[in-house]
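Peer 1: Submitted below is the structure of interest, expressed as structure tokens.
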Amino acid sequence: MALGISSRPVVAASERAGSPAFNVLIGLTSLGVLLQGLWAGLFIREGKDYQDNWVHVHALDGEITFVLALVATIVAAVKLRATRTDLVIGSAALTVLLLVEAYLGGEIGAHSRLTVIHFPLAMLLMGLAVWLPVRAAAGRRSAPADQR
């Protein structure tokens with residue numbers, strides 16, 4: 001390529017940068033997942049009944065976090081499907097797992113044995129909630145120098 005013409009497709013800077021809307025939404029979703037752990041820590045005490053006010057806050061945060069994840073997934077599917085399938089799949093997985101987690105959490109009062117699934121799933125969600133924004137940020141900086 002004597003003329004400096006690259007065989008790689010030209011990717012617009014806006015496509016490399018991702019979607020600001022997705023970045024904000026997934027950041028807020030991640031904050032919601034983090035707060036889920038905080039609220040749970042305020043009402044889960046071994047050998048004691050749950051404090052209803054913190055259980056309510058935990059449930060409300062779960063609902064808000066799910067909606068944020070769902071909107072982030074829709075934004076990813078619309079704006080990033082051609083360039084960032086990792087973020088589309090990751091945000092969809094986060095949304096589905098949040099739905100499963102919320103269902104399990106709602107059933108724990110009647111079936112306390114579900115905590116054996118609920119707690120490890122919460123740790124998986126925390127990992128995914130950290131990975132997605134980090135991956136989104138890394139993708140913005142990973143374009144080859146000749147495409148900048």
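Each chain of the structure tokens is named A, B, ... in the order shown, its residues numbered from 1; ligands are numbered from 1 in display order.
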I'd like the neighbourhood of Ile26 (chain A) as number ranges by chain, where a residue qualifies if any of its atoms comes within 12 Å (using only C-alpha atoms), though same-chain residues fewer than 4 positions away should be ignored.
Peer 2: A: 19-22, 30-33, 65-76, 87-88, 90-92, 94-95, 128-137
Peer 1: How about saving the chosen residues, N, CA and C atoms kept, as a short mmCIF file (atom, residue, chain, number, x, y, z; two decimals), in the first residue's frame?
Peer 2:
```
data_model
loop_
_atom_site.label_atom_id
_atom_site.label_comp_id
_atom_site.auth_asym_id
_atom_site.auth_seq_id
_atom_site.Cartn_x
_atom_site.Cartn_y
_atom_site.Cartn_z
N SER A 19 -21.91 5.33 22.19
CA SER A 19 -23.10 6.14 22.35
C SER A 19 -23.08 6.80 23.72
N PRO A 20 -23.08 8.13 23.76
CA PRO A 20 -23.12 8.81 25.07
C PRO A 20 -24.36 8.40 25.87
N ALA A 21 -25.49 8.20 25.20
CA ALA A 21 -26.70 7.78 25.91
C ALA A 21 -26.49 6.41 26.56
N PHE A 22 -25.88 5.48 25.82
CA PHE A 22 -25.60 4.15 26.38
C PHE A 22 -24.66 4.28 27.57
N SER A 30 -25.14 0.50 36.55
CA SER A 30 -24.08 -0.02 37.41
C SER A 30 -24.17 0.55 38.82
N LEU A 31 -24.48 1.83 38.91
CA LEU A 31 -24.67 2.45 40.22
C LEU A 31 -25.84 1.78 40.95
N GLY A 32 -26.92 1.50 40.23
CA GLY A 32 -28.06 0.82 40.82
C GLY A 32 -27.70 -0.56 41.35
N VAL A 33 -26.87 -1.30 40.61
CA VAL A 33 -26.43 -2.63 41.06
C VAL A 33 -25.59 -2.49 42.33
N THR A 65 -33.29 -0.07 38.54
CA THR A 65 -32.09 -0.60 37.89
C THR A 65 -32.47 -1.46 36.69
N PHE A 66 -33.50 -2.26 36.81
CA PHE A 66 -33.95 -3.07 35.69
C PHE A 66 -34.40 -2.20 34.52
N VAL A 67 -35.18 -1.17 34.80
CA VAL A 67 -35.65 -0.27 33.73
C VAL A 67 -34.47 0.42 33.06
N LEU A 68 -33.49 0.89 33.84
CA LEU A 68 -32.30 1.52 33.26
C LEU A 68 -31.55 0.53 32.37
N ALA A 69 -31.40 -0.71 32.83
CA ALA A 69 -30.72 -1.73 32.03
C ALA A 69 -31.47 -2.03 30.74
N LEU A 70 -32.80 -2.08 30.83
CA LEU A 70 -33.62 -2.34 29.65
C LEU A 70 -33.47 -1.21 28.63
N VAL A 71 -33.51 0.03 29.08
CA VAL A 71 -33.35 1.17 28.17
C VAL A 71 -31.93 1.17 27.59
N ALA A 72 -30.92 0.86 28.42
CA ALA A 72 -29.54 0.78 27.92
C ALA A 72 -29.41 -0.29 26.85
N THR A 73 -30.09 -1.41 27.04
CA THR A 73 -30.05 -2.50 26.05
C THR A 73 -30.71 -2.06 24.74
N ILE A 74 -31.81 -1.35 24.85
CA ILE A 74 -32.49 -0.85 23.63
C ILE A 74 -31.60 0.14 22.90
N VAL A 75 -30.98 1.06 23.64
CA VAL A 75 -30.06 2.03 23.02
C VAL A 75 -28.89 1.30 22.37
N ALA A 76 -28.34 0.31 23.05
CA ALA A 76 -27.22 -0.46 22.49
C ALA A 76 -27.65 -1.17 21.21
N LEU A 87 -21.17 -4.99 23.63
CA LEU A 87 -21.99 -4.19 24.54
C LEU A 87 -23.47 -4.52 24.40
N VAL A 88 -23.90 -4.84 23.20
CA VAL A 88 -25.31 -5.22 23.00
C VAL A 88 -25.60 -6.53 23.75
N GLY A 90 -23.76 -7.93 26.16
CA GLY A 90 -23.53 -7.74 27.59
C GLY A 90 -24.67 -7.03 28.29
N SER A 91 -25.19 -5.99 27.67
CA SER A 91 -26.30 -5.26 28.30
C SER A 91 -27.58 -6.09 28.27
N ALA A 92 -27.78 -6.88 27.23
CA ALA A 92 -28.95 -7.77 27.19
C ALA A 92 -28.84 -8.84 28.29
N LEU A 94 -27.20 -8.56 31.09
CA LEU A 94 -27.41 -7.86 32.37
C LEU A 94 -28.90 -7.67 32.62
N THR A 95 -29.64 -7.27 31.61
CA THR A 95 -31.07 -7.03 31.75
C THR A 95 -31.81 -8.32 32.12
N LEU A 128 -20.62 -8.03 36.05
CA LEU A 128 -21.10 -7.58 34.73
C LEU A 128 -21.33 -6.07 34.73
N ALA A 129 -21.82 -5.55 35.85
CA ALA A 129 -22.07 -4.10 35.96
C ALA A 129 -20.77 -3.30 35.99
N VAL A 130 -19.68 -3.92 36.37
CA VAL A 130 -18.37 -3.26 36.30
C VAL A 130 -17.78 -3.43 34.91
N TRP A 131 -17.91 -4.63 34.34
CA TRP A 131 -17.32 -4.92 33.05
C TRP A 131 -17.89 -4.05 31.93
N LEU A 132 -19.21 -3.87 31.90
CA LEU A 132 -19.83 -3.13 30.80
C LEU A 132 -19.32 -1.70 30.64
N PRO A 133 -19.32 -0.87 31.68
CA PRO A 133 -18.81 0.50 31.48
C PRO A 133 -17.31 0.52 31.17
N VAL A 134 -16.56 -0.41 31.77
CA VAL A 134 -15.12 -0.47 31.47
C VAL A 134 -14.91 -0.86 30.02
N ARG A 135 -15.65 -1.83 29.55
CA ARG A 135 -15.56 -2.28 28.15
C ARG A 135 -15.98 -1.17 27.19
N ALA A 136 -17.04 -0.44 27.56
CA ALA A 136 -17.51 0.67 26.72
C ALA A 136 -16.43 1.75 26.62
N ALA A 137 -15.79 2.05 27.73
CA ALA A 137 -14.74 3.07 27.74
C ALA A 137 -13.50 2.60 26.99
#
```
Peer 1: Going by DSSP on the backbone, which bits of region 36-133 of chain A are alpha helix (DSSP H)? Write them as number ranges by chain, please.
Peer 2: A: 36-43, 52-79, 85-107, 115-133
Peer 1: Have a look at CA of Leu42 (chain A) and CA of Asn23 (chain A) and let me know their distance in Å, one decimal.
Peer 2: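 So the two atoms, CA of Leu42 (chain A) and CA of Asn23 (chain A), lie 28.9 Å apart.
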Peer 1: Which residue gives the smallest distance to Gly127 (chain A) among A:Leu25, A:Gly106, A:Thr115, A:Leu97, with only C-alpha atoms counted?
Peer 2: A:Leu97
Peer 1: Excluding same-chain residues fewer than 6 positions from Gly37 (chain A), what lies within 10 Å of it counting only C-alpha atoms, as an NGL selection string?
Peer 2: :A and (58 or 119 or 122-123 or 126)
Peer 1: Measuring atom to atom with only C-alpha atoms, identify which of A:Ala77, A:Ile89, A:Ala40, A:Leu34 is nearest to Asn53 (chain A).
Peer 2: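 Looking at the shortest contact to Asn53 (chain A), the residue is A:Ala40.
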Peer 1: Which residue gives the smallest distance to Gly62 (chain A) among A:Gly41, A:Gly18, A:Gly105, A:Gly27, with only C-alpha atoms counted?
Peer 2: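 Result for the nearest residue to Gly62 (chain A): A:Gly105.
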Peer 1: Using only C-alpha atoms, which of the listed residues (A:Gln36, A:Asp86, A:Ala59, A:Pro120) sits closest to Tyr103 (chain A)?
Peer 2: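 Among the listed residues, the smallest separation from Tyr103 (chain A) belongs to A:Ala59.
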Peer 1: Could you work out how far CA of Val116 (chain A) lies from CA of Gln51 (chain A), giving the answer in Å with one decimal?
Peer 2: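 The value is 20.1 Å.
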